[in-house]
Amino acid sequence: MVTYEEQMNRALRPVAPPRVLEGVYRDDQHERLLRIIEEHGPWPTIAAHHFRTVDELIATTTGSIPEGIELTLDMAAAANFRGFYGQNSVCFYPEVHDCFYNAGFLELVKGYWGAQYAKPTMMLFNVCGPHRSALMSHLDAVTFRGVRYENAPVWLLNTMAKSGLFTDYLVKMAQVITWWYKGDNGTFTYWPDGPLGEPQVLRHPLWNRGVVVQNELMFHRGDPVGRREERDVPGLAHRSLLDFDAGADEWQVTTDGEVIRTYRPEEMRLLVHWNAEVYEDMDEVRKVMDHTDDLTIEEAVGRLLADMRSKGTRIAEPSDPLHDDDFVRALVGTYTIAPTTEWIERKSPAA
Ligand SMILES: [Fe+2]
């Protein structure tokens with residue numbers, strides 16, 4: 001009999017091996033992307049965008065908390081900050097239209113999938129200086145027809161992916177992810193051969209270097225940024241913000257308005273993530289756009305409940321499943337799959 005781990009090790013891998021790209025953006029595009037971050041802050045942490053509770057966060061990462069540890073969102077906070085250039089195929093800043101509605105990227109992702117059509121859906125940045133981060137890998141938000149990033153929380157989407165129950169509803173996606181970083185460490189580790197396979201690392205020089213990937217079905221993580229001794233951000237909280245002070249030419253992390261850490265521009269690591277939906281052919285375009293074969297959140301919750309109960313999990317009917325900690329915890333306990341070959345930091349020569 002095929003175990004859940006073996007089944008998911010086959011399912012949780014990208015449609016094709018990631019492709020490494022050099023010189024992804026032109027210099028003027030990079031400047032415009034960066035200027036938006038400098039001028040439109042302050043920016044919340046990545047976790048603050050997506051998670052209301054620790055359980056939701058854990059459901060999206062490796063799916064388990066060590067016994068006896070009471071984790072809070074502030075304890076789990078990492079000084080890595082996020083904002084969006086565009087969502088729902090709408091670009092929020094006209095000065096980067098050419099980056100978002102990117103003909104070259106569309107050809108790349110169609111080629112990656114061997115598909116006929118694609119459209120850009122979302123573009124975001126992560127920006128940080130040296131900081132502490134957990135060595136936990138994760139999947140990006142999976143999109144299903146009818147249950148999507150736009151109407152469902154990330155933890156639900158990822159639990160649905162890890163359950164293996166909804167593959168017929170998966171919307172094909174690919175990303176072009178690009179880094180600009182001249183500091184130490186901060187590489188990208190990914191598991192293209194499934195969570196039980198050997199990881200690979202995208203190494204320096206990480207300046208305008210990128211990958212074409214399918215990150216919602218491939219475990220991956222950003223490795224800790226900066227040297228160990230420069231990673232302290234004392235006073236960091238889930239609600240901390242990052243902003244650029246043009247007068248001082250420095251980036252500032254604040255908690256409740258108080259500056260707790262500053263970085264020089266050259267210490268910053270920038271990641272720009274561009275996401276597209278991909279359609280194999282016109283039939284698939286129609287199926288997705290016309291919503292003729294969509295799933296609802298209620299159906300998804302019902303299937304997850306039935307599957308958990310068939311596996312022997314005792315779980316009460318959640319009255320508000322999207323805000324029910326017991327339900328989230330039961331999902332995490334049932335659908336736990338994560339890399340067993342976590343890259344450890346001591347392998348990094350510069351750490
Ligand atoms: Fe990710």
# chains A, B, ... in the order shown; residues from 1 in each chain; ligands from 1

$ closest_atom_pairs --of "chain A" --to "ligand 1" --cutoff "8 Å" --atoms "only C-alpha atoms and all ligand atoms" --output "CSV"
residue,atom,partner,partner_atom_place_in_ligand_line,distance
A:His138,CA,ligand 1,1 (Fe),6.3
A:Leu139,CA,ligand 1,1 (Fe),5.9
A:Asp140,CA,ligand 1,1 (Fe),4.7
A:Asn215,CA,ligand 1,1 (Fe),6.4
A:Glu216,CA,ligand 1,1 (Fe),7.7
A:His220,CA,ligand 1,1 (Fe),6.3
A:Arg221,CA,ligand 1,1 (Fe),6.2
A:Gly222,CA,ligand 1,1 (Fe),7.8

$ residues_around --residues "Asn185 (chain A)" --least-positions-apart "2" --cutoff "6 Å" --atoms "only C-alpha atoms" --output "PyMOL selection string"
chain A and resi 187+225-226

$ select_by_dssp --residues "region 32-160 of chain A" --states "strand (DSSP E or B)" --output "list in words"
Trp43, Pro44, Thr45, Asn80, Phe81, Arg82, Gly83, Phe84, Tyr85, Gly86, Gln87, Val90, Cys91, Tyr117, Ala118, Lys119, Pro120, Thr121, Met122, Met123, Leu124, Phe125, Asn126, Val127, Cys128, His131, His138, Phe144 and Val147 of chain A

$ residues_around --residues "Val147 (chain A)" --least-positions-apart "6" --cutoff "9 Å" --atoms "only C-alpha atoms" --output "ChimeraX atom specification"
/A:157,169,294-297,300

$ closest_residue --among "A:Asp98, A:Phe327, A:Pro42, A:Gly312" --to "Arg26 (chain A)" --atoms "only C-alpha atoms"
A:Asp98

$ closest_residue --among "A:Pro205, A:Ala246, A:Ser133, A:Leu217" --to "Thr167 (chain A)" --atoms "only C-alpha atoms"
A:Leu217

$ atom_distance --atom1 "CA of Thr255 (chain A)" --atom2 "CA of Leu322 (chain A)"
28.4 Å

$ closest_residue --among "A:Pro130, A:Pro17, A:Gly114, A:Pro44" --to "Arg239 (chain A)" --atoms "only C-alpha atoms"
A:Pro44

$ closest_residue --among "A:Arg309, A:Thr3, A:Ile177, A:Gly183" --to "Leu202 (chain A)" --atoms "only C-alpha atoms"
A:Ile177

$ select_by_dssp --residues "region 34-228 of chain A" --states "alpha helix (DSSP H)" --output "VMD selection string"
chain A and resid 34 to 39 46 to 50 54 to 60 97 to 100 103 to 113 154 to 163

$ write_last_selection --atoms "N, CA and C atoms" --output "CSV table (one decimal), in the first residue's frame"
chain,number,residue,atom,x,y,z
A,34,LEU,N,12.3,49.2,-7.1
A,34,LEU,CA,12.8,49.6,-5.8
A,34,LEU,C,12.2,50.9,-5.3
A,35,ARG,N,12.1,51.8,-6.2
A,35,ARG,CA,11.6,53.2,-5.8
A,35,ARG,C,10.2,53.1,-5.2
A,36,ILE,N,9.4,52.2,-5.7
A,36,ILE,CA,8.0,52.0,-5.2
A,36,ILE,C,8.1,51.5,-3.7
A,37,ILE,N,9.0,50.7,-3.4
A,37,ILE,CA,9.2,50.2,-2.0
A,37,ILE,C,9.7,51.3,-1.1
A,38,GLU,N,10.6,52.1,-1.7
A,38,GLU,CA,11.1,53.3,-0.9
A,38,GLU,C,10.1,54.3,-0.6
A,39,GLU,N,9.2,54.5,-1.6
A,39,GLU,CA,8.3,55.7,-1.5
A,39,GLU,C,6.9,55.4,-0.9
A,46,ILE,N,5.9,39.7,6.4
A,46,ILE,CA,5.2,38.7,5.5
A,46,ILE,C,4.1,38.0,6.3
A,47,ALA,N,4.4,37.6,7.5
A,47,ALA,CA,3.5,36.8,8.3
A,47,ALA,C,2.2,37.7,8.6
A,48,ALA,N,2.4,39.0,8.9
A,48,ALA,CA,1.3,39.8,9.2
A,48,ALA,C,0.3,39.9,8.0
A,49,HIS,N,0.7,39.8,6.8
A,49,HIS,CA,-0.2,39.8,5.7
A,49,HIS,C,-1.1,38.6,5.7
A,50,HIS,N,-0.6,37.5,6.2
A,50,HIS,CA,-1.3,36.2,5.9
A,50,HIS,C,-1.9,35.4,7.1
A,54,VAL,N,-1.0,31.6,15.4
A,54,VAL,CA,0.1,30.7,15.2
A,54,VAL,C,-0.3,29.4,14.5
A,55,ASP,N,-1.5,28.9,14.8
A,55,ASP,CA,-1.9,27.7,14.1
A,55,ASP,C,-2.0,27.8,12.6
A,56,GLU,N,-2.5,29.0,12.2
A,56,GLU,CA,-2.6,29.2,10.7
A,56,GLU,C,-1.2,29.3,10.1
A,57,LEU,N,-0.3,29.8,10.8
A,57,LEU,CA,1.1,29.9,10.3
A,57,LEU,C,1.7,28.5,10.2
A,58,ILE,N,1.5,27.7,11.2
A,58,ILE,CA,2.1,26.4,11.2
A,58,ILE,C,1.5,25.5,10.1
A,59,ALA,N,0.2,25.7,9.9
A,59,ALA,CA,-0.5,24.9,8.9
A,59,ALA,C,0.2,25.1,7.5
A,60,THR,N,0.8,26.3,7.3
A,60,THR,CA,1.4,26.7,6.0
A,60,THR,C,2.8,26.3,5.9
A,97,HIS,N,4.1,48.8,-15.1
A,97,HIS,CA,3.3,48.0,-16.0
A,97,HIS,C,4.1,47.0,-16.9
A,98,ASP,N,5.3,47.5,-17.3
A,98,ASP,CA,6.1,46.7,-18.2
A,98,ASP,C,6.7,45.5,-17.4
A,99,CYS,N,6.8,45.6,-16.1
A,99,CYS,CA,7.3,44.5,-15.3
A,99,CYS,C,6.2,43.5,-15.1
A,100,PHE,N,5.0,44.0,-14.8
A,100,PHE,CA,3.9,43.1,-14.4
A,100,PHE,C,3.3,42.5,-15.7
A,103,ALA,N,5.7,40.4,-21.3
A,103,ALA,CA,5.5,39.4,-22.4
A,103,ALA,C,6.6,38.3,-22.4
A,104,GLY,N,7.8,38.7,-22.0
A,104,GLY,CA,8.9,37.7,-21.9
A,104,GLY,C,8.6,36.7,-20.8
A,105,PHE,N,8.1,37.1,-19.7
A,105,PHE,CA,7.8,36.2,-18.6
A,105,PHE,C,6.7,35.3,-19.0
A,106,LEU,N,5.7,35.8,-19.7
A,106,LEU,CA,4.6,34.9,-20.1
A,106,LEU,C,5.1,33.8,-21.0
A,107,GLU,N,6.0,34.1,-21.9
A,107,GLU,CA,6.6,33.1,-22.8
A,107,GLU,C,7.4,32.1,-22.0
A,108,LEU,N,8.1,32.6,-21.0
A,108,LEU,CA,8.8,31.6,-20.1
A,108,LEU,C,7.9,30.6,-19.4
A,109,VAL,N,6.8,31.1,-18.8
A,109,VAL,CA,6.0,30.2,-18.0
A,109,VAL,C,5.2,29.3,-18.9
A,110,LYS,N,4.8,29.8,-20.1
A,110,LYS,CA,4.1,28.9,-21.0
A,110,LYS,C,5.1,27.8,-21.5
A,111,GLY,N,6.3,28.1,-21.7
A,111,GLY,CA,7.3,27.1,-22.1
A,111,GLY,C,7.6,26.1,-21.0
A,112,TYR,N,7.6,26.6,-19.7
A,112,TYR,CA,7.8,25.8,-18.6
A,112,TYR,C,6.8,24.7,-18.4
A,113,TRP,N,5.5,25.1,-18.7
A,113,TRP,CA,4.4,24.2,-18.6
A,113,TRP,C,4.1,23.4,-19.9
A,154,VAL,N,-4.5,31.5,3.2
A,154,VAL,CA,-3.4,30.7,2.7
A,154,VAL,C,-3.3,29.3,3.4
A,155,TRP,N,-3.5,29.3,4.7
A,155,TRP,CA,-3.4,28.0,5.4
A,155,TRP,C,-4.4,27.0,4.9
A,156,LEU,N,-5.6,27.4,4.5
A,156,LEU,CA,-6.6,26.5,4.0
A,156,LEU,C,-6.2,25.9,2.6
A,157,LEU,N,-5.7,26.8,1.7
A,157,LEU,CA,-5.2,26.4,0.4
A,157,LEU,C,-4.1,25.4,0.5
A,158,ASN,N,-3.1,25.7,1.4
A,158,ASN,CA,-2.0,24.8,1.5
A,158,ASN,C,-2.4,23.4,2.2
A,159,THR,N,-3.3,23.5,3.1
A,159,THR,CA,-3.8,22.2,3.7
A,159,THR,C,-4.5,21.4,2.6
A,160,MET,N,-5.3,22.1,1.8
A,160,MET,CA,-5.9,21.4,0.7
A,160,MET,C,-4.9,20.7,-0.2
A,161,ALA,N,-3.8,21.4,-0.5
A,161,ALA,CA,-2.7,20.9,-1.3
A,161,ALA,C,-2.1,19.6,-0.7
A,162,LYS,N,-1.8,19.8,0.6
A,162,LYS,CA,-1.2,18.7,1.4
A,162,LYS,C,-2.1,17.5,1.6
A,163,SER,N,-3.4,17.7,1.5
A,163,SER,CA,-4.4,16.6,1.6
A,163,SER,C,-4.4,15.7,0.4

$ closest_residue --among "A:Arg13, A:Val2, A:Asp290, A:Met282" --to "Phe219 (chain A)" --atoms "only C-alpha atoms"
A:Arg13

$ closest_residue --among "A:Met289, A:Ala276, A:Leu196, A:Leu12" --to "Met218 (chain A)" --atoms "only C-alpha atoms"
A:Leu12

$ atom_distance --atom1 "CA of Gly83 (chain A)" --atom2 "CA of His323 (chain A)"
24.3 Å

$ decode --residues "region 14-46 of chain A" --atoms "N, CA and C atoms" --output "short mmCIF file (atom, residue, chain, number, x, y, z; two decimals), in the first residue's frame"
data_model
loop_
_atom_site.label_atom_id
_atom_site.label_comp_id
_atom_site.auth_asym_id
_atom_site.auth_seq_id
_atom_site.Cartn_x
_atom_site.Cartn_y
_atom_site.Cartn_z
N PRO A 14 7.33 20.12 -8.60
CA PRO A 14 6.90 21.01 -9.69
C PRO A 14 6.72 20.25 -10.99
N VAL A 15 5.95 20.85 -11.91
CA VAL A 15 5.67 20.21 -13.20
C VAL A 15 6.95 19.98 -13.99
N ALA A 16 7.96 20.84 -13.78
CA ALA A 16 9.24 20.68 -14.47
C ALA A 16 10.34 21.18 -13.54
N PRO A 17 11.58 20.75 -13.75
CA PRO A 17 12.66 21.25 -12.89
C PRO A 17 12.76 22.77 -12.99
N PRO A 18 13.01 23.46 -11.88
CA PRO A 18 13.16 24.91 -11.92
C PRO A 18 14.24 25.32 -12.92
N ARG A 19 14.00 26.43 -13.58
CA ARG A 19 14.98 26.94 -14.56
C ARG A 19 15.62 28.20 -13.99
N VAL A 20 16.94 28.22 -13.96
CA VAL A 20 17.66 29.38 -13.42
C VAL A 20 17.82 30.43 -14.53
N LEU A 21 17.56 31.69 -14.19
CA LEU A 21 17.63 32.80 -15.15
C LEU A 21 18.69 33.79 -14.68
N GLU A 22 19.39 34.38 -15.63
CA GLU A 22 20.36 35.45 -15.31
C GLU A 22 19.88 36.74 -15.97
N GLY A 23 20.16 37.86 -15.33
CA GLY A 23 19.79 39.16 -15.92
C GLY A 23 18.31 39.27 -16.19
N VAL A 24 17.50 39.02 -15.15
CA VAL A 24 16.06 38.88 -15.35
C VAL A 24 15.40 40.22 -15.71
N TYR A 25 15.71 41.27 -14.99
CA TYR A 25 15.13 42.60 -15.26
C TYR A 25 16.21 43.54 -15.80
N ARG A 26 15.77 44.54 -16.54
CA ARG A 26 16.70 45.61 -16.92
C ARG A 26 16.97 46.48 -15.70
N ASP A 27 18.09 47.22 -15.72
CA ASP A 27 18.44 48.07 -14.57
C ASP A 27 17.36 49.11 -14.28
N ASP A 28 16.78 49.68 -15.33
CA ASP A 28 15.76 50.73 -15.10
C ASP A 28 14.50 50.11 -14.48
N GLN A 29 14.21 48.85 -14.82
CA GLN A 29 13.06 48.18 -14.20
C GLN A 29 13.33 47.94 -12.71
N HIS A 30 14.52 47.48 -12.40
CA HIS A 30 14.91 47.27 -11.00
C HIS A 30 14.79 48.57 -10.21
N GLU A 31 15.26 49.67 -10.82
CA GLU A 31 15.19 50.97 -10.12
C GLU A 31 13.75 51.38 -9.84
N ARG A 32 12.86 51.16 -10.81
CA ARG A 32 11.46 51.55 -10.61
C ARG A 32 10.79 50.65 -9.57
N LEU A 33 11.12 49.36 -9.60
CA LEU A 33 10.55 48.43 -8.60
C LEU A 33 10.99 48.82 -7.20
N LEU A 34 12.27 49.19 -7.07
CA LEU A 34 12.82 49.56 -5.77
C LEU A 34 12.25 50.90 -5.28
N ARG A 35 12.08 51.84 -6.21
CA ARG A 35 11.58 53.17 -5.82
C ARG A 35 10.18 53.08 -5.20
N ILE A 36 9.36 52.17 -5.74
CA ILE A 36 8.02 51.98 -5.17
C ILE A 36 8.12 51.55 -3.71
N ILE A 37 9.05 50.66 -3.41
CA ILE A 37 9.20 50.19 -2.03
C ILE A 37 9.68 51.33 -1.13
N GLU A 38 10.59 52.15 -1.67
CA GLU A 38 11.12 53.27 -0.88
C GLU A 38 10.05 54.32 -0.60
N GLU A 39 9.17 54.54 -1.58
CA GLU A 39 8.27 55.69 -1.48
C GLU A 39 6.88 55.37 -0.95
N HIS A 40 6.49 54.09 -0.92
CA HIS A 40 5.11 53.78 -0.56
C HIS A 40 4.97 52.98 0.73
N GLY A 41 6.03 52.95 1.56
CA GLY A 41 5.95 52.22 2.82
C GLY A 41 5.08 52.96 3.82
N PRO A 42 4.98 52.52 5.09
CA PRO A 42 5.70 51.37 5.62
C PRO A 42 5.04 50.04 5.24
N TRP A 43 5.86 48.97 5.31
CA TRP A 43 5.42 47.65 4.86
C TRP A 43 5.36 46.69 6.04
N PRO A 44 4.29 45.89 6.12
CA PRO A 44 4.16 44.89 7.19
C PRO A 44 5.05 43.67 6.97
N THR A 45 5.21 42.88 8.00
CA THR A 45 5.97 41.62 7.84
C THR A 45 5.18 40.67 6.94
N ILE A 46 5.89 39.69 6.39
CA ILE A 46 5.22 38.70 5.54
C ILE A 46 4.11 38.01 6.32
#
